[in-house]
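Colleague: Below are the structure tokens for one structure; questions will follow.
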Amino acid sequence: MSEPKIARIDQSKLRESVYEELRDAFTRGVFAPGESVSLRTLADQLGTSMTPVREAVRRLVAEGALVDTPSRTLEVPPFDADRMRELKSARLALEAILLDEAIDHMDDAAIDALAAIISRPRPEGELPDLTQNYEFHFTLYRQSRSRVILPLVEALWLQYGAFLNLVVQEKAASEIPEHIHHEEIIAALRAKDRAAAQKALALDIERSFKLLLPET
């Protein structure tokens with residue numbers, strides 16, 4: 001039997017912990033487009049009763065991470081090219097704003113923290129680490145100190161997470177160094193080159209979309 005996809009949670013903060021753990025799992029691409037999701041399985045993996053899982057799932061349905069089908073089966077939204085194009089446009093626009101704001105607050109320690117995230121070794125033969133990718137971007141974006149745009153970007157990543165699951169399965173995903181654009185962002189931040197940082201971020205965002213939508 002395979003290991004759970006998601007971690008067991010702290011019983012003392014049950015409802016919010018369940019939601020946060022599930023939200024994190026969807027954001028990181030743990031679940032694939034079209035995958036059916038069982039409340040019972042989620043509850044077993046989290047080590048909780050059904051009630052907090054049911055409440056968390058209702059929130060995730062409202063946020064677009066899950067679909068409650070007519071047959072009452074919970075499902076990750078299926079692959080949809082038009083939806084992906086919208087997500088791409090939104091990510092390019094909003095994440096550029098966050099980066100621009102973050103640059104104004106970055107110091108050497110913050111840049112070093114980004115470098116440390118992508119320097120963690122990945123075992124030979126394993127797929128790209130989606131957790132590492134998420135940590136890099138949101139460690140950077142939190143430097144923006146945004147209270148409005150950051151939550152919007154988090155919501156976009158929640159919807160995009162399932163597509164990331166497909167991206168890492170693509171053979172072409174391993175043909176370009178995993179952190180090439182992350183390294184370019186770091187180099188641009190150290191050089192205080194705003195334009196280069198923005199260009200590297202755009203290339204990083206576009207890279208994953210091109211793997212699933214070659215015409216973009």
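Chain labels run A, B, ... following the order of the structure tokens; each chain numbers its residues from 1, and ligands are numbered from 1 in the order shown.
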So that I can see what lies close to segment 91-95 of chain A, please list as a list in words the residues with an atom at most 8 Å from it, counting only C-alpha atoms and leaving out residues fewer than 2 positions away in the same chain.

Modeller: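 Near neighbours after the sequence-gap exclusion: Leu87, Lys88, Ser89, Ile97, Leu98, Leu99, Tyr141, Ile149, Val153, Leu156, Ala202 and Ile205 of chain A.
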
Colleague: Using N, CA, C and O atoms, can you write the selected residues to a file as a PDB file, in the first residue's frame?

Modeller:
ATOM      1  N   LEU A  87      -5.627  31.087 -16.844  1.00  0.00           N
ATOM      2  CA  LEU A  87      -4.734  31.022 -15.692  1.00  0.00           C
ATOM      3  C   LEU A  87      -3.357  31.587 -16.040  1.00  0.00           C
ATOM      4  O   LEU A  87      -2.735  32.293 -15.239  1.00  0.00           O
ATOM      5  N   LYS A  88      -2.892  31.285 -17.245  1.00  0.00           N
ATOM      6  CA  LYS A  88      -1.599  31.812 -17.670  1.00  0.00           C
ATOM      7  C   LYS A  88      -1.619  33.336 -17.706  1.00  0.00           C
ATOM      8  O   LYS A  88      -0.709  33.999 -17.171  1.00  0.00           O
ATOM      9  N   SER A  89      -2.626  33.913 -18.322  1.00  0.00           N
ATOM     10  CA  SER A  89      -2.717  35.367 -18.418  1.00  0.00           C
ATOM     11  C   SER A  89      -2.778  36.009 -17.035  1.00  0.00           C
ATOM     12  O   SER A  89      -2.115  37.025 -16.776  1.00  0.00           O
ATOM     13  N   ILE A  97       3.372  41.781 -10.744  1.00  0.00           N
ATOM     14  CA  ILE A  97       3.156  42.853  -9.770  1.00  0.00           C
ATOM     15  C   ILE A  97       3.781  42.489  -8.430  1.00  0.00           C
ATOM     16  O   ILE A  97       4.456  43.314  -7.792  1.00  0.00           O
ATOM     17  N   LEU A  98       3.580  41.250  -7.996  1.00  0.00           N
ATOM     18  CA  LEU A  98       4.158  40.818  -6.722  1.00  0.00           C
ATOM     19  C   LEU A  98       5.683  40.884  -6.751  1.00  0.00           C
ATOM     20  O   LEU A  98       6.317  41.322  -5.787  1.00  0.00           O
ATOM     21  N   LEU A  99       6.276  40.432  -7.861  1.00  0.00           N
ATOM     22  CA  LEU A  99       7.732  40.489  -7.978  1.00  0.00           C
ATOM     23  C   LEU A  99       8.219  41.931  -7.914  1.00  0.00           C
ATOM     24  O   LEU A  99       9.205  42.241  -7.227  1.00  0.00           O
ATOM     25  N   TYR A 141       7.251  35.951  -3.243  1.00  0.00           N
ATOM     26  CA  TYR A 141       6.075  36.819  -3.321  1.00  0.00           C
ATOM     27  C   TYR A 141       5.703  37.423  -1.966  1.00  0.00           C
ATOM     28  O   TYR A 141       5.164  38.534  -1.905  1.00  0.00           O
ATOM     29  N   ILE A 149      -3.132  41.291  -3.540  1.00  0.00           N
ATOM     30  CA  ILE A 149      -2.775  40.498  -4.716  1.00  0.00           C
ATOM     31  C   ILE A 149      -2.248  39.119  -4.336  1.00  0.00           C
ATOM     32  O   ILE A 149      -2.526  38.135  -5.028  1.00  0.00           O
ATOM     33  N   VAL A 153      -3.165  35.434  -6.065  1.00  0.00           N
ATOM     34  CA  VAL A 153      -2.207  34.523  -6.684  1.00  0.00           C
ATOM     35  C   VAL A 153      -2.264  33.150  -6.032  1.00  0.00           C
ATOM     36  O   VAL A 153      -2.175  32.115  -6.706  1.00  0.00           O
ATOM     37  N   LEU A 156      -5.044  31.387  -7.619  1.00  0.00           N
ATOM     38  CA  LEU A 156      -4.699  30.929  -8.972  1.00  0.00           C
ATOM     39  C   LEU A 156      -3.880  29.645  -8.915  1.00  0.00           C
ATOM     40  O   LEU A 156      -4.106  28.712  -9.691  1.00  0.00           O
ATOM     41  N   ALA A 202       8.648  35.610 -16.128  1.00  0.00           N
ATOM     42  CA  ALA A 202       7.720  35.329 -17.233  1.00  0.00           C
ATOM     43  C   ALA A 202       8.096  34.033 -17.950  1.00  0.00           C
ATOM     44  O   ALA A 202       7.227  33.211 -18.270  1.00  0.00           O
ATOM     45  N   ILE A 205       7.048  31.048 -15.747  1.00  0.00           N
ATOM     46  CA  ILE A 205       5.603  30.789 -15.798  1.00  0.00           C
ATOM     47  C   ILE A 205       5.215  30.179 -17.143  1.00  0.00           C
ATOM     48  O   ILE A 205       4.478  29.194 -17.215  1.00  0.00           O
TER      49      ILE A 205
END

Colleague: Using DSSP on the backbone, list every residue of segment 54-204 of chain A that comes out as helix (DSSP H, G or I), and give them as a PyMOL selection string.

Modeller: chain A and resi 54-62+81-103+108-118+130-144+149-167+171-174+180-190+194-204

Colleague: Please save C-alpha atoms of the selected residues as a tab-separated table (two decimals), in the first residue's frame.

Modeller:
chain	number	residue	atom	x	y	z
A	54	ARG	CA	-16.39	17.67	4.49
A	55	GLU	CA	-16.20	21.32	5.59
A	56	ALA	CA	-12.79	21.78	3.99
A	57	VAL	CA	-13.95	20.19	0.74
A	58	ARG	CA	-16.90	22.59	0.56
A	59	ARG	CA	-14.43	25.48	0.69
A	60	LEU	CA	-12.24	23.88	-1.98
A	61	VAL	CA	-15.24	23.42	-4.27
A	62	ALA	CA	-16.07	27.12	-3.86
A	81	ALA	CA	-7.11	24.34	-22.49
A	82	ASP	CA	-9.19	27.52	-22.32
A	83	ARG	CA	-9.03	27.53	-18.53
A	84	MET	CA	-5.27	27.07	-18.71
A	85	ARG	CA	-4.93	30.07	-21.02
A	86	GLU	CA	-6.88	32.21	-18.58
A	87	LEU	CA	-4.73	31.02	-15.69
A	88	LYS	CA	-1.60	31.81	-17.67
A	89	SER	CA	-2.72	35.37	-18.42
A	90	ALA	CA	-3.72	35.96	-14.82
A	91	ARG	CA	-0.49	34.53	-13.41
A	92	LEU	CA	1.71	36.55	-15.75
A	93	ALA	CA	-0.05	39.76	-14.81
A	94	LEU	CA	-0.42	39.32	-11.04
A	95	GLU	CA	2.86	37.59	-10.27
A	96	ALA	CA	4.74	40.32	-12.12
A	97	ILE	CA	3.16	42.85	-9.77
A	98	LEU	CA	4.16	40.82	-6.72
A	99	LEU	CA	7.73	40.49	-7.98
A	100	ASP	CA	7.94	44.21	-8.62
A	101	GLU	CA	6.78	44.94	-5.08
A	102	ALA	CA	9.02	42.25	-3.60
A	103	ILE	CA	12.14	43.70	-5.22
A	108	ASP	CA	20.76	39.71	0.87
A	109	ALA	CA	19.29	37.41	3.53
A	110	ALA	CA	16.01	37.10	1.61
A	111	ILE	CA	17.85	36.33	-1.62
A	112	ASP	CA	20.01	33.75	0.16
A	113	ALA	CA	16.83	32.10	1.46
A	114	LEU	CA	15.59	31.71	-2.11
A	115	ALA	CA	18.90	30.22	-3.17
A	116	ALA	CA	18.78	27.75	-0.28
A	117	ILE	CA	15.36	26.50	-1.36
A	118	ILE	CA	16.48	25.51	-4.85
A	130	LEU	CA	6.64	20.70	-6.71
A	131	THR	CA	6.93	21.63	-3.04
A	132	GLN	CA	10.30	23.21	-3.74
A	133	ASN	CA	8.85	25.16	-6.67
A	134	TYR	CA	5.96	26.41	-4.52
A	135	GLU	CA	8.27	27.43	-1.68
A	136	PHE	CA	10.52	29.37	-4.02
A	137	HIS	CA	7.72	31.40	-5.56
A	138	PHE	CA	5.81	32.18	-2.41
A	139	THR	CA	8.91	32.94	-0.35
A	140	LEU	CA	9.64	35.51	-3.05
A	141	TYR	CA	6.08	36.82	-3.32
A	142	ARG	CA	5.65	37.25	0.44
A	143	GLN	CA	8.44	39.80	0.29
A	144	SER	CA	5.92	42.01	-1.54
A	149	ILE	CA	-2.78	40.50	-4.72
A	150	LEU	CA	-0.98	37.72	-2.84
A	151	PRO	CA	-4.26	35.96	-1.86
A	152	LEU	CA	-5.38	36.22	-5.49
A	153	VAL	CA	-2.21	34.52	-6.68
A	154	GLU	CA	-2.61	31.82	-4.05
A	155	ALA	CA	-6.10	31.18	-5.43
A	156	LEU	CA	-4.70	30.93	-8.97
A	157	TRP	CA	-2.11	28.38	-7.86
A	158	LEU	CA	-4.84	26.39	-6.14
A	159	GLN	CA	-6.61	26.04	-9.50
A	160	TYR	CA	-3.37	25.50	-11.40
A	161	GLY	CA	-1.97	22.81	-9.09
A	162	ALA	CA	-3.63	19.93	-10.89
A	163	PHE	CA	-2.07	21.04	-14.18
A	164	LEU	CA	1.36	21.04	-12.50
A	165	ASN	CA	0.74	17.38	-11.78
A	166	LEU	CA	0.58	16.81	-15.54
A	167	VAL	CA	3.56	19.05	-16.29
A	171	LYS	CA	9.29	14.08	-20.78
A	172	ALA	CA	10.15	17.60	-21.93
A	173	ALA	CA	9.94	18.81	-18.34
A	174	SER	CA	13.27	17.15	-17.59
A	180	ILE	CA	17.18	27.56	-14.63
A	181	HIS	CA	14.72	30.45	-14.45
A	182	HIS	CA	14.75	30.47	-10.64
A	183	GLU	CA	18.51	30.89	-10.82
A	184	GLU	CA	18.06	33.73	-13.32
A	185	ILE	CA	15.64	35.44	-10.93
A	186	ILE	CA	18.14	35.15	-8.08
A	187	ALA	CA	20.97	36.50	-10.24
A	188	ALA	CA	18.81	39.44	-11.31
A	189	LEU	CA	17.83	40.18	-7.71
A	190	ARG	CA	21.49	40.20	-6.65
A	194	ARG	CA	14.38	44.59	-12.26
A	195	ALA	CA	13.86	44.00	-15.97
A	196	ALA	CA	15.91	40.79	-15.96
A	197	ALA	CA	14.03	39.49	-12.93
A	198	GLN	CA	10.69	40.14	-14.63
A	199	LYS	CA	11.85	38.45	-17.84
A	200	ALA	CA	13.04	35.35	-15.95
A	201	LEU	CA	9.76	35.11	-14.02
A	202	ALA	CA	7.72	35.33	-17.23
A	203	LEU	CA	9.84	32.60	-18.83
A	204	ASP	CA	9.39	30.42	-15.76

Colleague: Using atom CA of Pro33 of chain A and atom CA of Ala65 of chain A as the two end points, give the distance in Å to one decimal.

Modeller: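 Going from atom CA of Pro33 of chain A over to atom CA of Ala65 of chain A, I get 9.8 Å.
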
Colleague: For each of A:Asp68, A:Glu20, A:Arg147, A:Arg207, take the minimum atom-to-atom distance to Glu175 of chain A, counting only C-alpha atoms, then give the residue where this is smallest.

Modeller: A:Arg207

Colleague: With distances taken over only C-alpha atoms, which residue among A:Leu42, A:Val37, A:Ile6, A:Pro52 lies nearest Tyr19 of chain A?

Modeller: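 The shortest atom-to-atom distance to Tyr19 of chain A comes from A:Pro52.
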